[in-house]
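One file, query.txt, is given below (compact mmCIF, C-alpha atoms).
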```txt
# COMPACT_ATOMS: atom_id res chain seq x y z
CA MET S 1 -27.57 19.39 4.65
CA THR S 2 -29.75 16.64 6.00
CA ASP S 3 -32.85 14.84 4.85
CA ALA S 4 -33.27 12.56 7.84
CA SER S 5 -36.36 10.44 7.96
CA THR S 6 -38.71 10.64 10.89
CA LYS S 7 -38.38 6.88 11.38
CA PRO S 8 -35.58 5.64 13.66
CA ARG S 9 -32.71 3.80 11.98
CA ALA S 10 -30.88 0.71 13.03
CA GLY S 11 -27.70 1.76 14.74
CA ALA S 12 -29.27 5.02 15.86
CA THR S 13 -29.42 6.29 19.40
CA ALA S 14 -32.99 6.44 20.55
CA PRO S 15 -34.12 9.95 21.43
CA GLY S 16 -35.51 10.74 24.83
CA THR S 17 -34.39 9.46 28.19
CA SER S 18 -31.50 7.27 26.99
CA ARG S 19 -29.94 10.13 25.09
CA ALA S 20 -30.36 12.56 27.98
CA ALA S 21 -28.73 10.07 30.33
CA ARG S 22 -25.85 9.62 27.91
CA GLU S 23 -25.30 13.37 27.62
CA LEU S 24 -25.37 13.89 31.39
CA ALA S 25 -22.84 11.12 32.09
CA TRP S 26 -19.57 13.06 32.33
CA GLY S 27 -17.37 10.10 33.35
CA PRO S 28 -17.31 8.39 29.94
CA SER S 29 -16.85 11.74 28.19
CA LEU S 30 -13.79 12.61 30.28
CA LEU S 31 -12.26 9.17 29.68
CA MET S 32 -12.86 9.56 25.95
CA ALA S 33 -11.32 13.05 26.06
CA ALA S 34 -8.12 11.69 27.66
CA ALA S 35 -7.93 8.87 25.12
CA LEU S 36 -8.50 11.34 22.30
CA VAL S 37 -5.55 13.51 23.41
CA ALA S 38 -3.25 10.47 23.52
CA LEU S 39 -4.35 9.18 20.11
CA LEU S 40 -4.22 12.57 18.39
CA SER S 41 -0.73 13.19 19.76
CA LEU S 42 0.38 9.87 18.30
CA THR S 43 -1.10 10.78 14.91
CA TRP S 44 0.96 13.98 14.82
CA LEU S 45 4.17 12.20 15.80
CA LEU S 46 3.71 9.48 13.17
CA SER S 47 2.62 12.01 10.53
CA GLY S 48 5.63 14.21 11.28
CA ASP S 49 8.02 11.31 10.88
CA LEU S 50 6.40 10.30 7.59
CA VAL S 51 6.20 13.78 6.08
CA ALA S 52 9.88 14.38 6.84
CA HIS S 53 10.80 11.61 4.38
CA ALA S 54 7.78 10.99 2.12
CA ASP S 55 5.61 12.98 -0.29
CA PRO S 56 2.86 14.83 1.66
CA PHE S 57 0.25 13.80 -0.91
CA ALA S 58 1.14 10.14 -0.32
CA VAL S 59 0.89 10.58 3.45
CA ALA S 60 -2.45 12.41 3.26
CA ALA S 61 -4.03 10.00 0.78
CA GLY S 62 -2.51 6.94 2.44
CA ARG S 63 -3.71 7.71 5.94
CA ALA S 64 -7.18 8.70 4.69
CA GLY S 65 -7.45 5.53 2.59
CA THR S 66 -6.32 3.18 5.35
CA SER S 67 -8.61 4.98 7.81
CA CYS S 68 -11.49 4.44 5.40
CA VAL S 69 -10.70 0.73 5.17
CA GLY S 70 -10.51 0.39 8.95
CA LEU S 71 -13.76 2.30 9.51
CA SER S 72 -15.54 0.29 6.81
CA LEU S 73 -14.43 -3.00 8.36
CA LEU S 74 -15.63 -1.74 11.74
CA ALA S 75 -19.06 -0.90 10.33
CA ALA S 76 -19.28 -4.17 8.39
CA ALA S 77 -18.45 -6.27 11.45
CA ARG S 78 -21.97 -5.91 12.86
CA ARG S 79 -25.30 -6.38 11.12
CA THR S 80 -26.81 -3.45 13.06
CA THR S 81 -24.32 -1.01 11.52
CA ARG S 82 -23.66 -2.59 8.11
CA ARG S 83 -26.88 -1.61 6.36
CA PRO S 84 -27.25 1.85 7.99
CA ALA S 85 -23.69 2.69 6.87
CA LEU S 86 -24.65 1.97 3.27
CA GLU S 87 -27.90 3.88 3.70
CA VAL S 88 -26.00 7.06 4.63
CA VAL S 89 -24.31 7.03 1.20
CA ARG S 90 -27.60 6.56 -0.62
CA SER S 91 -29.69 9.07 1.30
CA ARG S 92 -27.22 11.97 1.73
CA PRO S 93 -24.60 11.95 -1.04
CA ARG S 94 -24.14 15.74 -1.09
CA ALA S 95 -23.67 15.94 2.66
CA VAL S 96 -21.17 13.06 2.54
CA ALA S 97 -19.22 14.79 -0.23
CA ALA S 98 -19.18 18.12 1.62
CA LEU S 99 -17.98 16.55 4.87
CA GLY S 100 -15.37 14.51 3.02
CA ALA S 101 -14.08 17.66 1.35
CA LEU S 102 -13.84 19.57 4.64
CA GLY S 103 -12.79 17.03 7.25
CA VAL S 104 -10.75 14.61 5.16
CA PHE S 105 -9.48 16.24 1.96
CA GLY S 106 -9.13 19.85 3.13
CA TYR S 107 -7.86 19.15 6.62
CA SER S 108 -5.52 16.29 5.68
CA MET S 109 -3.92 18.01 2.71
CA ALA S 110 -3.45 21.37 4.42
CA SER S 111 -2.13 19.88 7.66
CA VAL S 112 0.49 17.57 6.11
CA TRP S 113 1.62 20.39 3.81
CA ALA S 114 2.05 22.64 6.85
CA ILE S 115 3.99 19.93 8.71
CA GLY S 116 6.48 19.70 5.86
CA LEU S 117 7.00 23.48 5.90
CA ILE S 118 6.98 24.43 9.60
CA GLY S 119 6.99 21.16 11.55
CA ALA S 120 4.41 19.09 13.40
CA ALA S 121 4.52 20.91 16.74
CA THR S 122 4.34 24.41 15.23
CA THR S 123 1.46 23.37 12.98
CA ASN S 124 -0.25 22.02 16.06
CA VAL S 125 0.15 25.36 17.82
CA VAL S 126 -1.69 27.14 15.00
CA LEU S 127 -4.43 24.53 15.24
CA ALA S 128 -4.71 25.32 18.95
CA LEU S 129 -6.81 28.28 17.83
CA LEU S 130 -9.43 25.80 16.60
CA PRO S 131 -11.78 26.25 19.61
CA CYS S 132 -11.82 30.02 19.09
CA VAL S 133 -12.62 29.63 15.39
CA THR S 134 -15.23 27.00 16.27
CA PHE S 135 -16.79 29.42 18.76
CA VAL S 136 -16.90 32.29 16.24
CA LEU S 137 -18.39 30.09 13.53
CA GLY S 138 -20.94 28.77 16.02
CA LEU S 139 -22.04 32.33 16.77
CA TRP S 140 -22.07 33.33 13.12
CA LEU S 141 -23.59 30.26 11.46
CA PHE S 142 -25.67 28.65 14.20
CA ARG S 143 -26.24 31.37 16.83
CA GLU S 144 -24.85 29.13 19.57
CA ARG S 145 -24.28 30.49 23.10
CA PRO S 146 -21.83 28.23 24.97
CA GLY S 147 -21.64 30.44 28.08
CA VAL S 148 -19.22 33.00 29.52
CA THR S 149 -17.11 30.50 31.47
CA ALA S 150 -16.60 28.33 28.39
CA LEU S 151 -15.61 31.37 26.36
CA VAL S 152 -13.11 32.54 28.99
CA GLY S 153 -11.63 29.03 29.27
CA THR S 154 -11.26 28.73 25.51
CA CYS S 155 -9.55 32.13 25.22
CA VAL S 156 -7.17 31.40 28.12
CA ALA S 157 -6.19 28.05 26.67
CA ALA S 158 -5.74 29.40 23.14
CA ALA S 159 -3.71 32.39 24.39
CA ALA S 160 -1.39 30.06 26.31
CA ALA S 161 -0.97 27.89 23.24
CA VAL S 162 -0.18 30.87 21.00
CA ALA S 163 2.31 32.28 23.53
CA TYR S 164 3.95 28.89 23.67
CA GLY S 165 4.28 28.83 19.89
CA LEU S 166 5.86 32.28 19.81
CA LEU S 167 8.32 31.64 22.65
CA ASP S 168 9.30 28.00 22.22
CA ARG S 169 11.91 27.12 19.59
CA GLY S 170 12.30 23.36 19.80
CA SER S 171 9.45 22.20 17.58
CA GLY S 172 10.79 21.45 14.08
CA PHE S 173 9.93 17.73 13.95
CA GLY S 174 8.73 16.80 10.46
CA VAL S 175 10.19 19.76 8.53
CA ARG S 176 11.41 18.98 5.00
CA GLY S 177 14.45 21.18 4.35
CA GLY S 178 15.21 24.61 5.80
CA VAL S 179 12.54 27.00 7.05
CA THR S 180 12.78 30.33 5.19
CA PRO S 181 10.45 33.28 5.95
CA THR S 182 8.45 32.51 2.81
CA ARG S 183 8.12 28.82 3.74
CA ALA S 184 7.12 29.78 7.26
CA LEU S 185 4.38 32.11 5.96
CA VAL S 186 3.01 29.51 3.54
CA GLY S 187 3.16 26.88 6.30
CA VAL S 188 1.19 29.05 8.70
CA LEU S 189 -1.41 29.81 6.01
CA ALA S 190 -1.72 26.08 5.29
CA ALA S 191 -2.21 25.38 9.01
CA VAL S 192 -4.88 28.12 9.15
CA ALA S 193 -6.64 26.51 6.18
CA ALA S 194 -6.59 23.15 7.98
CA MET S 195 -7.98 24.81 11.12
CA VAL S 196 -10.88 26.48 9.29
CA SER S 197 -11.70 23.24 7.44
CA MET S 198 -11.87 21.30 10.69
CA ALA S 199 -13.91 23.99 12.47
CA LEU S 200 -16.52 23.92 9.69
CA TYR S 201 -16.47 20.13 9.69
CA ALA S 202 -16.98 20.01 13.47
CA HIS S 203 -20.14 22.10 13.14
CA PHE S 204 -21.57 20.42 10.04
CA TYR S 205 -20.89 16.84 11.13
CA GLY S 206 -24.01 16.82 13.29
CA LYS S 207 -26.01 17.76 10.21
CA LEU S 208 -25.16 14.46 8.53
CA ALA S 209 -26.60 12.11 11.13
CA PRO S 210 -27.32 13.68 14.53
CA ASP S 211 -28.72 10.44 15.98
CA VAL S 212 -26.49 7.91 14.18
CA SER S 213 -23.29 6.51 15.65
CA SER S 214 -19.93 7.53 14.24
CA VAL S 215 -19.29 3.93 13.18
CA VAL S 216 -22.26 4.24 10.81
CA ALA S 217 -21.54 7.72 9.46
CA LEU S 218 -17.76 7.86 9.07
CA PRO S 219 -17.02 5.18 6.42
CA SER S 220 -18.87 7.09 3.69
CA VAL S 221 -17.35 10.44 4.71
CA PHE S 222 -13.83 9.05 4.63
CA ALA S 223 -14.43 7.20 1.38
CA ALA S 224 -15.40 10.49 -0.27
CA GLY S 225 -12.40 12.34 1.16
CA ALA S 226 -9.97 9.53 0.33
CA LEU S 227 -11.09 9.54 -3.30
CA MET S 228 -10.48 13.29 -3.48
CA LEU S 229 -6.97 12.82 -2.08
CA LEU S 230 -6.21 9.83 -4.27
CA LEU S 231 -6.49 11.73 -7.56
CA PRO S 232 -3.65 14.26 -6.98
CA ALA S 233 -1.51 11.57 -5.30
CA LEU S 234 -1.77 9.32 -8.37
CA ALA S 235 -1.19 12.24 -10.74
CA ARG S 236 2.07 13.04 -8.92
CA ASN S 237 3.07 9.35 -8.61
CA SER S 238 3.40 10.01 -4.89
CA PHE S 239 3.04 6.37 -3.89
CA GLY S 240 5.89 5.22 -6.15
CA HIS S 241 8.54 6.53 -3.75
CA LEU S 242 7.21 4.94 -0.56
CA THR S 243 9.24 2.18 1.09
CA LEU S 244 7.76 -0.91 2.73
CA VAL S 245 8.51 0.58 6.14
CA GLN S 246 6.64 3.76 5.23
CA TRP S 247 3.69 1.72 3.97
CA GLY S 248 3.67 -0.07 7.32
CA GLN S 249 3.69 3.28 9.13
CA ILE S 250 0.79 4.53 7.02
CA LEU S 251 -1.18 1.37 7.75
CA LEU S 252 -0.52 1.74 11.47
CA LEU S 253 -1.40 5.43 11.33
CA GLY S 254 -4.66 4.92 9.45
CA CYS S 255 -6.08 1.70 10.91
CA GLY S 256 -4.37 1.48 14.28
CA VAL S 257 -4.47 5.11 15.45
CA TYR S 258 -6.84 7.21 13.36
CA VAL S 259 -9.78 4.79 13.44
CA PRO S 260 -10.19 4.77 17.25
CA ALA S 261 -9.32 8.48 17.38
CA TYR S 262 -12.01 9.40 14.85
CA VAL S 263 -14.65 7.21 16.49
CA ILE S 264 -13.99 8.82 19.88
CA GLN S 265 -13.79 12.33 18.42
CA HIS S 266 -17.09 12.07 16.57
CA GLU S 267 -18.85 10.50 19.53
CA LEU S 268 -17.73 13.53 21.56
CA PHE S 269 -19.08 15.82 18.80
CA LEU S 270 -22.51 14.26 19.39
CA ARG S 271 -22.27 14.02 23.20
CA ARG S 272 -20.72 17.38 24.05
CA GLY S 273 -20.69 19.51 20.90
CA ALA S 274 -18.02 21.05 18.71
CA LEU S 275 -16.60 23.55 21.25
CA PHE S 276 -15.93 20.95 23.94
CA THR S 277 -14.31 18.50 21.52
CA THR S 278 -12.04 21.04 19.86
CA SER S 279 -11.09 22.48 23.27
CA VAL S 280 -9.90 19.07 24.42
CA SER S 281 -7.48 19.02 21.48
CA LEU S 282 -5.69 22.09 22.90
CA ALA S 283 -3.66 19.73 25.08
CA VAL S 284 -2.25 17.98 22.01
CA PRO S 285 0.43 20.57 21.02
CA PHE S 286 2.00 20.33 24.45
CA THR S 287 1.86 16.54 24.49
CA VAL S 288 3.54 16.46 21.08
CA ARG S 289 6.20 18.93 22.25
CA PHE S 290 7.13 16.88 25.31
CA CYS S 291 7.11 13.67 23.28
CA THR S 292 9.49 15.13 20.68
CA TRP S 293 11.81 16.09 23.53
CA GLY S 294 11.57 12.58 24.98
CA LEU S 295 12.39 11.11 21.57
CA GLY S 296 15.46 13.36 21.24
CA LYS S 297 13.95 15.32 18.34
CA ALA S 298 13.81 18.67 20.16
CA ALA S 299 15.38 20.54 23.07
CA ARG S 300 13.99 20.29 26.60
CA PRO S 301 10.92 22.52 27.18
CA SER S 302 11.65 25.57 29.31
CA LEU S 303 10.01 26.42 32.61
CA LEU S 304 7.94 28.99 30.73
CA ALA S 305 6.69 26.32 28.32
CA THR S 306 5.71 24.16 31.28
CA ALA S 307 3.88 27.10 32.90
CA LEU S 308 2.00 27.72 29.67
CA LEU S 309 1.07 24.04 29.60
CA LEU S 310 -0.51 24.33 33.04
CA THR S 311 -2.33 27.51 32.01
CA CYS S 312 -3.68 25.81 28.92
CA CYS S 313 -4.89 22.86 31.02
CA VAL S 314 -6.77 25.26 33.32
CA GLY S 315 -8.46 26.85 30.32
CA VAL S 316 -9.41 23.47 28.90
CA PHE S 317 -10.85 22.45 32.28
CA LEU S 318 -13.03 25.58 32.39
CA THR S 319 -14.26 24.93 28.87
CA MET S 320 -15.01 21.28 29.59
CA ALA S 321 -16.67 21.95 32.93
CA ARG S 322 -19.06 24.68 31.78
CA SER S 323 -19.57 24.28 28.04
CA GLY S 324 -22.56 22.01 28.58
CA THR S 325 -24.02 19.76 25.97
CA ARG S 326 -25.50 20.54 22.63
CA ALA S 327 -27.73 18.32 20.61
CA PRO S 328 -26.79 18.82 16.96
CA ARG S 329 -29.61 20.25 14.91
CA SER S 330 -31.09 18.42 11.99
```

Serialized structure, structure tokens:
Amino acid sequence: MTDASTKPRAGATAPGTSRAARELAWGPSLLMAAALVALLSLTWLLSGDLVAHADPFAVAAGRAGTSCVGLSLLAAARRTTRRPALEVVRSRPRAVAALGALGVFGYSMASVWAIGLIGAATTNVVLALLPCVTFVLGLWLFRERPGVTALVGTCVAAAAAVAYGLLDRGSGFGVRGGVTPTRALVGVLAAVAAMVSMALYAHFYGKLAPDVSSVVALPSVFAAGALMLLLPALARNSFGHLTLVQWGQILLLGCGVYVPAYVIQHELFLRRGALFTTSVSLAVPFTVRFCTWGLGKAARPSLLATALLLTCCVGVFLTMARSGTRAPRS
């Protein structure tokens, strides 16, 4: 998927010692991981509130479009990233389109559809299986070997998240209407589709620009995905029913929350690899669950839910501590 030149680009990270030092520095990675959990939790809460009252196509296209604007402004703010960001579009159009279809169109559409059917927290629980799917795809597509400890940590964390989803019943934030068995099945399938899209995206992202910063690479990817989302939204006149308050929420969601979240997430993809980054996101379902309780949108979590939270955190710690680093292949 890549046709990278042998010459270094502006905005690229120089190979060699500087990159090795960056990969070995765990402190910044852990700080970014904590910030990523907080930002992703906020995206789910805002998305759940929007989907409960607005057309899912409008929410998906709106947040992707505003994210694209924010990322483009971020890249255009500096001369060292402005030209390389445009060069990515020119040199790798097929890779940009593929990543936009997986990580923006596929993930956004499937996830907001699932939220409207089964709720934000329940959708998040299904997505907690993302590290396991990422691991399997890594073995199948790229022959990656993350290590036994990382595998055990991922499985422990995912099992705790799944058990939490089966046992906890206070997670309906964002549901549009009643949840029938048919709606629940379709919602779970939509969440699974979102999970697979993101797992593939996490692996293939490094193929786009393994030594280029996320600020350079992301504007073109999100522009492609936003265009794909815009067509069905316009065909359904999804934007015509949005209020000014909802437009403000979409703007906040896209530019104020998703932009820093995506920059941090994609930097972690390059620093620590797909398994580490998706494992960090396992903490998000629990954060969302406790936040919905704090906001009065759900019942108080049980002692069992709290125990599963601690178990999940242990699994995430094992995955983070022993997954190592992986330089994406070109």

Rank S:Ala61, S:Leu39, S:Val314, S:Ala33 by their smallest atom-to-atom distance to Leu231 of chain S, using only C-alpha atoms, and report the top residue only. S:Ala61

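Reported to one decimal place, the separation of atom CA of Val284 of chain S from atom CA of Ala114 of chain S is 16.4 Å.
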
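Within the 9 Å cut-off around Leu318 of chain S, using all atoms listed in the file and omitting residues fewer than 4 positions from it on the same chain, the listed residues are Thr149, Ala150, Leu151, Val152, Gly153, Thr154, Cys313, Val314, Arg322 and Ser323 of chain S.
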
Using all atoms listed in the file, which residues sit within 6 Å of Gly48 of chain S once same-chain residues fewer than 3 positions away are excluded, as a count of residues only? 5

Can you pull out the residues contacting Val245 of chain S? Cut-off 12 Å, using only C-alpha atoms, and skip same-chain residues under 6 positions away; I want them as an mmCIF file with C-alpha atoms, keeping the file's coordinate frame.
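Here's the written file around_12.cif:
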```cif
data_model
loop_
_atom_site.group_PDB
_atom_site.id
_atom_site.type_symbol
_atom_site.label_atom_id
_atom_site.label_comp_id
_atom_site.auth_asym_id
_atom_site.auth_seq_id
_atom_site.Cartn_x
_atom_site.Cartn_y
_atom_site.Cartn_z
ATOM 1 C CA ASP S 49 8.020 11.310 10.880
ATOM 2 C CA LEU S 50 6.400 10.300 7.590
ATOM 3 C CA HIS S 53 10.800 11.610 4.380
ATOM 4 C CA ALA S 54 7.780 10.990 2.120
ATOM 5 C CA LEU S 251 -1.180 1.370 7.750
ATOM 6 C CA LEU S 252 -0.520 1.740 11.470
#
```

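With all atoms listed in the file as the atoms that count, the minimum distance from Pro93 of chain S to the choices S:Cys291, S:Ala224, S:Ala305, S:Val280 is reached by S:Ala224.
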
Exercise: residues within 7 Å of coordinate (-16.4, 14.5, 1.4), counting only C-alpha atoms, as a PyMOL selection string: chain S and resi 96-102+104+221-222+224-225

At a cut-off of 10 Å, using only C-alpha atoms, what residues contact Thr277 of chain S? Leave out same-chain residues fewer than 6 positions from it and give the result as a list in words. Ser29, Ala33, Leu36, Pro131, Ala202, Ile264, Gln265, His266, Glu267, Leu268, Phe269, Leu270, Arg271, Thr319 and Met320 of chain S

Taking all atoms of segment 192-206 of chain S that the file lists and extending 3 Å past them on each side, where is the centre of the axis-aligned box and how long are its edges? Answer in Å to one decimal, as AutoDock Vina command-line options.
```
--center_x -14.4 --center_y 22.5 --center_z 9.8 --size_x 25.1 --size_y 17.3 --size_z 13.3
```

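What separates atom CA of Leu282 of chain S from atom CA of Cys255 of chain S is a distance of 23.7 Å.
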
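Checking S:Cys132, S:Leu71, S:Lys297, S:Ala60 one by one against Tyr262 of chain S, counting all atoms listed in the file, you find the shortest gap at S:Leu71.
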
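For the set S:Ser111, S:Ser281, S:Ser213, S:Thr243, the residue with the smallest atom-to-atom gap to Thr80 of chain S is S:Ser213, counting all atoms listed in the file.
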
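Excluding Gly187 of chain S itself and any same-chain residue fewer than 6 positions from it, the protein and nucleic acid residues within 8 Å of it, counting all atoms listed in the file, are Trp113, Ala114, Ile115, Gly116, Leu117, Ile118 and Thr123 of chain S.
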
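The closest residue to Val263 of chain S, picked from S:Gly119, S:Pro84, S:Pro56, S:Pro219 and counting all atoms listed in the file, is S:Pro219.
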
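A straight line drawn from atom CA of Thr43 of chain S to atom CA of Ala235 of chain S is 25.7 Å long.
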
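All protein, DNA and RNA residues at most 10 Å from (-19.7, 20.9, 12.3) are S:Leu99, S:Leu102, S:Gly103, S:Thr134, S:Leu137, S:Gly138, S:Phe142, S:Ser197, S:Met198, S:Ala199, S:Leu200, S:Tyr201, S:Ala202, S:His203, S:Phe204, S:Tyr205, S:Gly206, S:Lys207, S:Leu208, S:Phe269, S:Gly273, S:Ala274, S:Leu275, S:Pro328, using only C-alpha atoms.
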
Distance criterion (all atoms listed in the file): nearest to Phe57 of chain S out of S:Ala299, S:Leu74, S:Val186, S:Ala233: S:Ala233
